[in-house]
>>> print(open('query.csv').read())   # CSV, N, CA and C atoms and all ligand atoms
chain,number,residue,atom,x,y,z
N,1,MET,N,0.8,-1.2,0.0
N,1,MET,CA,0.0,0.0,0.0
N,1,MET,C,0.9,1.2,0.0
N,2,GLY,N,0.5,2.2,-0.7
N,2,GLY,CA,1.2,3.5,-0.8
N,2,GLY,C,0.3,4.6,-1.3
N,3,PRO,N,0.8,5.8,-1.3
N,3,PRO,CA,0.0,6.9,-1.8
N,3,PRO,C,-0.4,6.7,-3.3
N,4,ARG,N,-1.6,7.1,-3.6
N,4,ARG,CA,-2.0,6.9,-5.0
N,4,ARG,C,-2.3,8.3,-5.5
N,5,ASP,N,-1.2,9.0,-5.8
N,5,ASP,CA,-1.4,10.4,-6.2
N,5,ASP,C,-2.1,10.6,-7.5
N,6,GLY,N,-3.4,10.7,-7.5
N,6,GLY,CA,-4.1,11.0,-8.7
N,6,GLY,C,-4.1,9.9,-9.8
N,7,ILE,N,-3.6,8.8,-9.5
N,7,ILE,CA,-3.6,7.7,-10.5
N,7,ILE,C,-5.0,7.0,-10.4
N,8,GLU,N,-5.6,6.9,-11.5
N,8,GLU,CA,-7.0,6.4,-11.5
N,8,GLU,C,-6.9,4.9,-11.7
N,9,ASP,N,-6.4,4.2,-10.7
N,9,ASP,CA,-6.3,2.8,-10.7
N,9,ASP,C,-7.3,2.1,-9.8
N,10,ASP,N,-8.2,3.0,-9.3
N,10,ASP,CA,-9.2,2.5,-8.4
N,10,ASP,C,-10.5,2.4,-9.1
N,11,MET,N,-10.8,1.3,-9.6
N,11,MET,CA,-12.0,1.1,-10.5
N,11,MET,C,-13.2,0.7,-9.8
N,12,SER,N,-13.4,1.1,-8.5
N,12,SER,CA,-14.6,0.8,-7.8
N,12,SER,C,-15.8,1.4,-8.5
N,13,VAL,N,-16.9,0.8,-8.4
N,13,VAL,CA,-18.2,1.4,-9.0
N,13,VAL,C,-19.2,1.6,-7.9
N,14,PRO,N,-20.0,2.6,-8.0
N,14,PRO,CA,-21.0,2.8,-7.0
N,14,PRO,C,-22.1,1.7,-7.1
N,15,THR,N,-22.5,1.3,-5.9
N,15,THR,CA,-23.6,0.3,-5.9
N,15,THR,C,-24.9,1.0,-5.5
N,16,LYS,N,-24.8,2.1,-4.8
N,16,LYS,CA,-26.0,2.8,-4.3
N,16,LYS,C,-25.6,4.3,-4.0
N,17,ILE,N,-26.6,5.1,-4.3
N,17,ILE,CA,-26.4,6.5,-4.0
N,17,ILE,C,-27.6,7.0,-3.3
N,18,ASP,N,-27.3,7.6,-2.1
N,18,ASP,CA,-28.4,8.1,-1.3
N,18,ASP,C,-28.3,9.6,-1.1
N,19,ARG,N,-29.4,10.2,-1.1
N,19,ARG,CA,-29.4,11.7,-0.8
N,19,ARG,C,-30.0,11.8,0.6
N,20,MET,N,-29.2,12.4,1.5
N,20,MET,CA,-29.5,12.6,2.9
N,20,MET,C,-30.5,13.8,2.9
N,21,GLU,N,-31.2,13.9,4.1
N,21,GLU,CA,-32.1,15.0,4.2
N,21,GLU,C,-31.5,16.3,4.2
N,22,ASP,N,-30.2,16.4,4.6
N,22,ASP,CA,-29.6,17.7,4.6
N,22,ASP,C,-28.9,18.0,3.3
N,23,GLY,N,-29.2,17.1,2.3
N,23,GLY,CA,-28.7,17.4,1.0
N,23,GLY,C,-27.4,16.7,0.6
N,24,ASP,N,-26.7,16.1,1.7
N,24,ASP,CA,-25.5,15.4,1.4
N,24,ASP,C,-25.8,14.2,0.5
N,25,ILE,N,-24.8,13.8,-0.2
N,25,ILE,CA,-24.9,12.6,-1.1
N,25,ILE,C,-23.9,11.5,-0.5
N,26,VAL,N,-24.5,10.3,-0.2
N,26,VAL,CA,-23.7,9.2,0.2
N,26,VAL,C,-23.6,8.2,-0.9
N,27,ILE,N,-22.4,7.9,-1.3
N,27,ILE,CA,-22.1,6.9,-2.3
N,27,ILE,C,-21.5,5.7,-1.7
N,28,ARG,N,-22.2,4.6,-2.0
N,28,ARG,CA,-21.7,3.3,-1.5
N,28,ARG,C,-21.0,2.6,-2.7
N,29,TRP,N,-19.8,2.0,-2.4
N,29,TRP,CA,-19.0,1.4,-3.5
N,29,TRP,C,-19.0,-0.1,-3.4
N,30,ASP,N,-18.6,-0.7,-4.5
N,30,ASP,CA,-18.6,-2.2,-4.5
N,30,ASP,C,-17.5,-2.8,-3.6
N,31,ASP,N,-16.6,-2.0,-3.1
N,31,ASP,CA,-15.6,-2.5,-2.2
N,31,ASP,C,-16.1,-2.3,-0.7
N,32,GLU,N,-17.4,-1.9,-0.6
N,32,GLU,CA,-18.0,-1.8,0.7
N,32,GLU,C,-17.5,-0.6,1.5
N,33,THR,N,-16.9,0.3,0.8
N,33,THR,CA,-16.6,1.6,1.5
N,33,THR,C,-17.7,2.6,1.1
N,34,GLN,N,-17.7,3.7,1.7
N,34,GLN,CA,-18.7,4.7,1.3
N,34,GLN,C,-18.1,6.1,1.4
N,35,THR,N,-18.5,7.0,0.6
N,35,THR,CA,-18.0,8.4,0.7
N,35,THR,C,-19.2,9.3,0.8
N,36,ARG,N,-19.0,10.4,1.6
N,36,ARG,CA,-20.1,11.3,1.8
N,36,ARG,C,-19.7,12.7,1.2
N,37,TRP,N,-20.5,13.3,0.5
N,37,TRP,CA,-20.2,14.6,-0.1
N,37,TRP,C,-21.2,15.6,0.3
N,38,LYS,N,-20.8,16.8,0.5
N,38,LYS,CA,-21.7,17.9,0.7
N,38,LYS,C,-21.9,18.5,-0.7
N,39,ALA,N,-23.1,19.0,-1.0
N,39,ALA,CA,-23.4,19.5,-2.3
N,39,ALA,C,-22.4,20.6,-2.7
N,40,PHE,N,-22.1,21.5,-1.8
N,40,PHE,CA,-21.2,22.6,-2.2
N,40,PHE,C,-19.8,22.1,-2.5
N,41,GLU,N,-19.4,21.0,-1.8
N,41,GLU,CA,-18.1,20.4,-2.1
N,41,GLU,C,-18.0,19.9,-3.5
N,42,LEU,N,-19.1,19.2,-3.9
N,42,LEU,CA,-19.1,18.7,-5.2
N,42,LEU,C,-19.1,19.9,-6.2
N,43,ARG,N,-19.9,20.9,-5.9
N,43,ARG,CA,-20.0,22.0,-6.8
N,43,ARG,C,-18.6,22.7,-6.9
N,44,GLN,N,-17.8,22.8,-5.8
N,44,GLN,CA,-16.5,23.4,-5.9
N,44,GLN,C,-15.5,22.5,-6.6
N,45,ALA,N,-15.8,21.2,-6.6
N,45,ALA,CA,-14.9,20.2,-7.2
N,45,ALA,C,-15.2,20.0,-8.7
N,46,CYS,N,-16.2,20.7,-9.2
N,46,CYS,CA,-16.7,20.5,-10.6
N,46,CYS,C,-15.5,20.6,-11.5
N,47,PRO,N,-15.3,19.5,-12.3
N,47,PRO,CA,-14.2,19.4,-13.2
N,47,PRO,C,-14.4,20.0,-14.6
N,48,CYS,N,-15.5,20.7,-14.9
N,48,CYS,CA,-15.7,21.1,-16.2
N,48,CYS,C,-14.7,22.3,-16.5
N,49,ALA,N,-14.6,22.6,-17.8
N,49,ALA,CA,-13.6,23.5,-18.3
N,49,ALA,C,-13.8,24.9,-17.6
N,50,THR,N,-15.1,25.3,-17.6
N,50,THR,CA,-15.4,26.6,-17.0
N,50,THR,C,-15.0,26.8,-15.6
N,51,CYS,N,-15.3,25.8,-14.8
N,51,CYS,CA,-14.9,25.9,-13.4
N,51,CYS,C,-13.4,25.8,-13.2
N,52,ARG,N,-12.8,24.9,-14.0
N,52,ARG,CA,-11.3,24.8,-13.8
N,52,ARG,C,-10.6,26.1,-14.2
N,53,GLU,N,-11.2,26.8,-15.2
N,53,GLU,CA,-10.6,28.1,-15.6
N,53,GLU,C,-10.8,29.1,-14.5
N,54,LYS,N,-12.0,29.1,-13.9
N,54,LYS,CA,-12.3,30.0,-12.8
N,54,LYS,C,-11.3,29.8,-11.6
N,55,LYS,N,-11.1,28.5,-11.3
N,55,LYS,CA,-10.2,28.2,-10.2
N,55,LYS,C,-8.8,28.7,-10.5
N,56,ARG,N,-8.4,28.5,-11.8
N,56,ARG,CA,-7.0,28.9,-12.1
N,56,ARG,C,-6.8,30.4,-12.0
N,57,GLU,N,-7.9,31.1,-12.4
N,57,GLU,CA,-7.8,32.6,-12.3
N,57,GLU,C,-7.7,33.0,-10.9
N,58,VAL,N,-8.4,32.4,-10.0
N,58,VAL,CA,-8.4,32.7,-8.6
N,58,VAL,C,-7.0,32.4,-8.0
N,59,ALA,N,-6.5,31.3,-8.4
N,59,ALA,CA,-5.2,30.9,-7.9
N,59,ALA,C,-4.0,31.7,-8.4
N,60,SER,N,-4.1,32.2,-9.6
N,60,SER,CA,-3.0,33.0,-10.2
N,60,SER,C,-3.2,34.5,-10.0
N,61,ALA,N,-4.3,34.9,-9.4
N,61,ALA,CA,-4.5,36.4,-9.2
N,61,ALA,C,-3.6,36.8,-8.1
N,62,PRO,N,-2.9,37.9,-8.3
N,62,PRO,CA,-2.1,38.5,-7.2
N,62,PRO,C,-3.1,39.0,-6.1
N,63,SER,N,-2.7,38.9,-4.9
N,63,SER,CA,-3.6,39.3,-3.8
N,63,SER,C,-3.6,40.9,-3.7
N,64,LYS,N,-4.8,41.4,-3.9
N,64,LYS,CA,-5.0,42.8,-3.8
N,64,LYS,C,-6.0,43.1,-2.7
N,65,PRO,N,-5.5,43.5,-1.5
N,65,PRO,CA,-6.3,43.6,-0.4
N,65,PRO,C,-7.5,44.6,-0.5
N,66,LYS,N,-7.3,45.6,-1.4
N,66,LYS,CA,-8.4,46.6,-1.5
N,66,LYS,C,-9.5,46.1,-2.4
N,67,LEU,N,-9.3,45.0,-3.1
N,67,LEU,CA,-10.4,44.4,-3.9
N,67,LEU,C,-11.2,43.4,-3.0
N,68,LEU,N,-12.5,43.6,-2.9
N,68,LEU,CA,-13.3,42.6,-2.2
N,68,LEU,C,-13.6,41.5,-3.1
N,69,PRO,N,-13.7,40.3,-2.6
N,69,PRO,CA,-14.1,39.1,-3.4
N,69,PRO,C,-15.5,39.3,-3.9
N,70,VAL,N,-15.7,39.0,-5.1
N,70,VAL,CA,-17.1,39.2,-5.7
N,70,VAL,C,-17.8,37.8,-5.7
N,71,ILE,N,-18.8,37.8,-5.0
N,71,ILE,CA,-19.6,36.5,-4.9
N,71,ILE,C,-21.0,36.8,-5.4
N,72,SER,N,-21.4,36.1,-6.4
N,72,SER,CA,-22.7,36.3,-7.0
N,72,SER,C,-23.8,35.7,-6.1
N,73,ALA,N,-25.0,36.1,-6.3
N,73,ALA,CA,-26.1,35.6,-5.4
N,73,ALA,C,-26.2,34.1,-5.5
N,74,ALA,N,-26.0,33.6,-6.6
N,74,ALA,CA,-26.1,32.1,-6.8
N,74,ALA,C,-25.0,31.4,-6.0
N,75,GLU,N,-23.8,32.0,-6.0
N,75,GLU,CA,-22.7,31.4,-5.3
N,75,GLU,C,-22.9,31.5,-3.8
N,76,ALA,N,-23.5,32.5,-3.3
N,76,ALA,CA,-23.7,32.7,-1.9
N,76,ALA,C,-24.8,31.8,-1.3
N,77,ARG,N,-25.7,31.4,-2.1
N,77,ARG,CA,-26.8,30.6,-1.7
N,77,ARG,C,-26.3,29.2,-1.6
N,78,PRO,N,-26.8,28.4,-0.6
N,78,PRO,CA,-26.4,27.0,-0.5
N,78,PRO,C,-26.9,26.3,-1.7
N,79,VAL,N,-25.9,25.6,-2.3
N,79,VAL,CA,-26.3,24.9,-3.5
N,79,VAL,C,-26.8,23.5,-3.2
N,80,ARG,N,-27.7,23.0,-4.0
N,80,ARG,CA,-28.2,21.6,-3.8
N,80,ARG,C,-28.0,20.8,-5.1
N,81,ILE,N,-28.0,19.5,-4.9
N,81,ILE,CA,-27.8,18.7,-6.1
N,81,ILE,C,-29.2,18.4,-6.6
N,82,GLU,N,-29.5,18.8,-7.9
N,82,GLU,CA,-30.8,18.5,-8.5
N,82,GLU,C,-30.9,17.1,-9.0
N,83,SER,N,-29.9,16.7,-9.7
N,83,SER,CA,-30.0,15.3,-10.2
N,83,SER,C,-28.6,14.8,-10.5
N,84,MET,N,-28.5,13.5,-10.6
N,84,MET,CA,-27.2,12.8,-11.0
N,84,MET,C,-27.6,11.8,-12.0
N,85,ARG,N,-26.8,11.8,-13.1
N,85,ARG,CA,-27.2,11.0,-14.3
N,85,ARG,C,-25.9,10.2,-14.7
N,86,PRO,N,-26.0,8.9,-14.8
N,86,PRO,CA,-24.8,8.1,-15.2
N,86,PRO,C,-24.3,8.5,-16.6
N,87,VAL,N,-23.0,8.6,-16.7
N,87,VAL,CA,-22.4,8.8,-18.0
N,87,VAL,C,-21.6,7.6,-18.3
N,88,GLY,N,-22.0,6.9,-19.3
N,88,GLY,CA,-21.3,5.6,-19.6
N,88,GLY,C,-21.3,4.8,-18.4
N,89,ASN,N,-20.2,4.1,-18.1
N,89,ASN,CA,-20.1,3.3,-16.9
N,89,ASN,C,-18.9,3.7,-16.0
N,90,TYR,N,-18.6,5.0,-16.1
N,90,TYR,CA,-17.4,5.5,-15.4
N,90,TYR,C,-17.6,6.8,-14.7
N,91,ALA,N,-18.8,7.5,-14.9
N,91,ALA,CA,-18.9,8.8,-14.3
N,91,ALA,C,-20.4,9.2,-14.1
N,92,TYR,N,-20.6,10.3,-13.4
N,92,TYR,CA,-21.9,10.9,-13.3
N,92,TYR,C,-21.9,12.4,-13.8
N,93,ASN,N,-22.9,12.7,-14.4
N,93,ASN,CA,-23.2,14.1,-14.7
N,93,ASN,C,-24.1,14.7,-13.6
N,94,ILE,N,-23.6,15.8,-13.0
N,94,ILE,CA,-24.4,16.3,-11.8
N,94,ILE,C,-24.9,17.6,-12.1
N,95,ASN,N,-26.2,17.8,-11.9
N,95,ASN,CA,-26.9,19.1,-12.1
N,95,ASN,C,-27.1,19.7,-10.7
N,96,PHE,N,-26.7,21.0,-10.6
N,96,PHE,CA,-26.8,21.7,-9.3
N,96,PHE,C,-27.9,22.7,-9.4
N,97,SER,N,-28.4,23.1,-8.2
N,97,SER,CA,-29.5,24.0,-8.1
N,97,SER,C,-29.2,25.4,-8.6
N,98,ASP,N,-27.9,25.7,-8.8
N,98,ASP,CA,-27.6,27.0,-9.3
N,98,ASP,C,-27.6,27.1,-10.9
N,99,GLY,N,-28.1,25.9,-11.4
N,99,GLY,CA,-28.2,25.9,-12.9
N,99,GLY,C,-27.0,25.3,-13.6
N,100,HIS,N,-26.0,25.0,-12.8
N,100,HIS,CA,-24.8,24.5,-13.5
N,100,HIS,C,-24.9,23.0,-13.6
N,101,GLY,N,-24.6,22.5,-14.8
N,101,GLY,CA,-24.7,21.0,-14.9
N,101,GLY,C,-23.8,20.5,-16.0
N,102,SER,N,-22.7,21.0,-16.2
N,102,SER,CA,-21.8,20.5,-17.3
N,102,SER,C,-20.6,19.7,-16.8
N,103,GLY,N,-20.6,19.5,-15.5
N,103,GLY,CA,-19.4,18.7,-14.9
N,103,GLY,C,-19.7,17.2,-15.0
N,104,ILE,N,-18.6,16.5,-15.5
N,104,ILE,CA,-18.7,15.1,-15.5
N,104,ILE,C,-17.7,14.6,-14.4
N,105,PHE,N,-18.3,13.9,-13.4
N,105,PHE,CA,-17.6,13.5,-12.2
N,105,PHE,C,-17.3,12.0,-12.4
N,106,SER,N,-16.0,11.7,-12.6
N,106,SER,CA,-15.7,10.3,-12.8
N,106,SER,C,-15.8,9.5,-11.4
N,107,PHE,N,-16.1,8.2,-11.5
N,107,PHE,CA,-16.1,7.4,-10.2
N,107,PHE,C,-14.9,7.6,-9.4
N,108,ALA,N,-13.7,7.6,-10.1
N,108,ALA,CA,-12.4,7.6,-9.5
N,108,ALA,C,-12.3,8.9,-8.7
N,109,MET,N,-12.8,10.0,-9.3
N,109,MET,CA,-12.8,11.3,-8.6
N,109,MET,C,-13.7,11.4,-7.4
N,110,LEU,N,-14.9,10.9,-7.7
N,110,LEU,CA,-15.9,10.9,-6.6
N,110,LEU,C,-15.4,10.1,-5.4
N,111,LYS,N,-14.7,9.0,-5.6
N,111,LYS,CA,-14.2,8.2,-4.6
N,111,LYS,C,-13.0,8.8,-3.9
N,112,ARG,N,-12.1,9.3,-4.8
N,112,ARG,CA,-10.8,9.8,-4.3
N,112,ARG,C,-10.9,11.1,-3.5
N,113,GLU,N,-11.7,12.0,-4.1
N,113,GLU,CA,-11.6,13.4,-3.6
N,113,GLU,C,-12.2,13.6,-2.2
N,114,SER,N,-13.0,12.6,-1.8
N,114,SER,CA,-13.6,12.8,-0.5
N,114,SER,C,-12.7,12.3,0.6
N,115,GLN,N,-11.5,11.7,0.2
N,115,GLN,CA,-10.6,11.3,1.2
N,115,GLN,C,-9.7,12.5,1.7
N,116,PRO,N,-9.3,12.5,2.9
N,116,PRO,CA,-8.4,13.6,3.4
N,116,PRO,C,-7.1,13.6,2.5
N,117,ARG,N,-6.7,14.8,2.2
N,117,ARG,CA,-5.5,14.9,1.5
N,117,ARG,C,-4.9,16.3,1.7
N,118,GLY,N,-3.7,16.4,1.2
N,118,GLY,CA,-2.9,17.7,1.4
N,118,GLY,C,-3.5,18.8,0.6
N,119,PRO,N,-3.1,20.0,0.9
N,119,PRO,CA,-3.6,21.2,0.3
N,119,PRO,C,-3.1,21.4,-1.2
N,120,ALA,N,-2.0,20.8,-1.5
N,120,ALA,CA,-1.5,21.0,-2.9
N,120,ALA,C,-2.1,20.0,-3.8
N,121,VAL,N,-2.9,20.4,-4.7
N,121,VAL,CA,-3.6,19.5,-5.6
N,121,VAL,C,-3.1,19.8,-7.0
N,122,ALA,N,-2.4,18.8,-7.6
N,122,ALA,CA,-1.9,18.9,-8.9
N,122,ALA,C,-2.9,18.4,-9.9
N,123,GLU,N,-3.3,19.3,-10.8
N,123,GLU,CA,-4.2,18.9,-11.9
N,123,GLU,C,-3.4,18.5,-13.1
N,124,THR,N,-3.4,17.2,-13.4
N,124,THR,CA,-2.6,16.7,-14.5
N,124,THR,C,-3.5,16.2,-15.6
N,125,GLN,N,-4.0,17.1,-16.3
N,125,GLN,CA,-4.9,16.6,-17.5
N,125,GLN,C,-4.7,17.5,-18.6
N,201,ZN,ZN,-18.3,23.3,-13.7
>>> encode(input="query.csv", output="structure tokens", more="lines below")
Ligand SMILES: [Zn+2]
Amino acid sequence: MGPRDGIEDDMSVPTKIDRMEDGDIVIRWDDETQTRWKAFELRQACPCATCREKKREVASAPSKPKLLPVISAAEARPVRIESMRPVGNYAYNINFSDGHGSGIFSFAMLKRESQPRGPAVAETQ
């Protein structure tokens, strides 16, 4: 056993997905583990091109204390998961209550990213 830094060798598939009353999603996997996601965490982890671009802009922007962060009304409101739709046999397309629904969340990502990990996240794609 060792660290699996972003290597998608974990081909577990979901056996059941439950939506909790508080909006969390609990995914049960065929290896009998489960992962729990908050809707906003999934929203922030959205891997679509638009969101990745947005995150890169934020990360590369020099800090200017006099500029206040701009948060749209949609972003400030708690986001909910409207629907999850299987894509092939490897991913889910998730629609959020803020109208965003272009992210394809691979099983590997859904399983991996809910594990504790360090702050440095290398995107290698
Ligand atoms: Zn997105």
>>> closest_residue(input="query.csv", among="N:Gly23, N:Pro47, N:Gly99, N:Pro14", to="ligand ZN 201 (chain N)", atoms="all atoms listed in the file")
N:Pro47
>>> closest_atom_pairs(input="query.csv", of="chain N", to="ligand ZN 201 (chain N)", cutoff="5 Å", atoms="only N, CA and C atoms and all ligand atoms", output="Markdown table")
| residue | atom | partner | partner_atom | distance |
| --- | --- | --- | --- | --- |
| N:Cys46 | C | N:ZN201 | ZN | 4.5 |
| N:Cys48 | N | N:ZN201 | ZN | 4.0 |
| N:Cys51 | N | N:ZN201 | ZN | 4.1 |
| N:Gly103 | N | N:ZN201 | ZN | 4.8 |
>>> closest_atom_pairs(input="query.csv", of="region 15-44 of chain N", to="region 76-92 of chain N", cutoff="9 Å", atoms="only C-alpha atoms", output="CSV")
residue,atom,partner,partner_atom,distance
N:Arg19,CA,N:Ile81,CA,8.9
N:Gly23,CA,N:Arg80,CA,6.4
N:Asp24,CA,N:Ile81,CA,8.5
N:Ile25,CA,N:Ile81,CA,8.4
N:Lys38,CA,N:Arg80,CA,8.7
N:Ala39,CA,N:Arg80,CA,5.4
N:Phe40,CA,N:Val79,CA,5.7
N:Leu42,CA,N:Ile81,CA,8.7
N:Arg43,CA,N:Val79,CA,7.7
>>> atom_distance(input="query.csv", atom1="CA of His100 (chain N)", atom2="CA of Gln44 (chain N)")
11.3 Å
>>> atom_distance(input="query.csv", atom1="CA of Thr15 (chain N)", atom2="CA of Arg28 (chain N)")
5.7 Å
>>> atom_distance(input="query.csv", atom1="atom N of Glu53 (chain N)", atom2="CA of Lys111 (chain N)")
21.6 Å
>>> closest_residue(input="query.csv", among="N:Phe96, N:Met20, N:Ser60, N:Ser12", to="Arg112 (chain N)", atoms="only C-alpha atoms")
N:Ser12
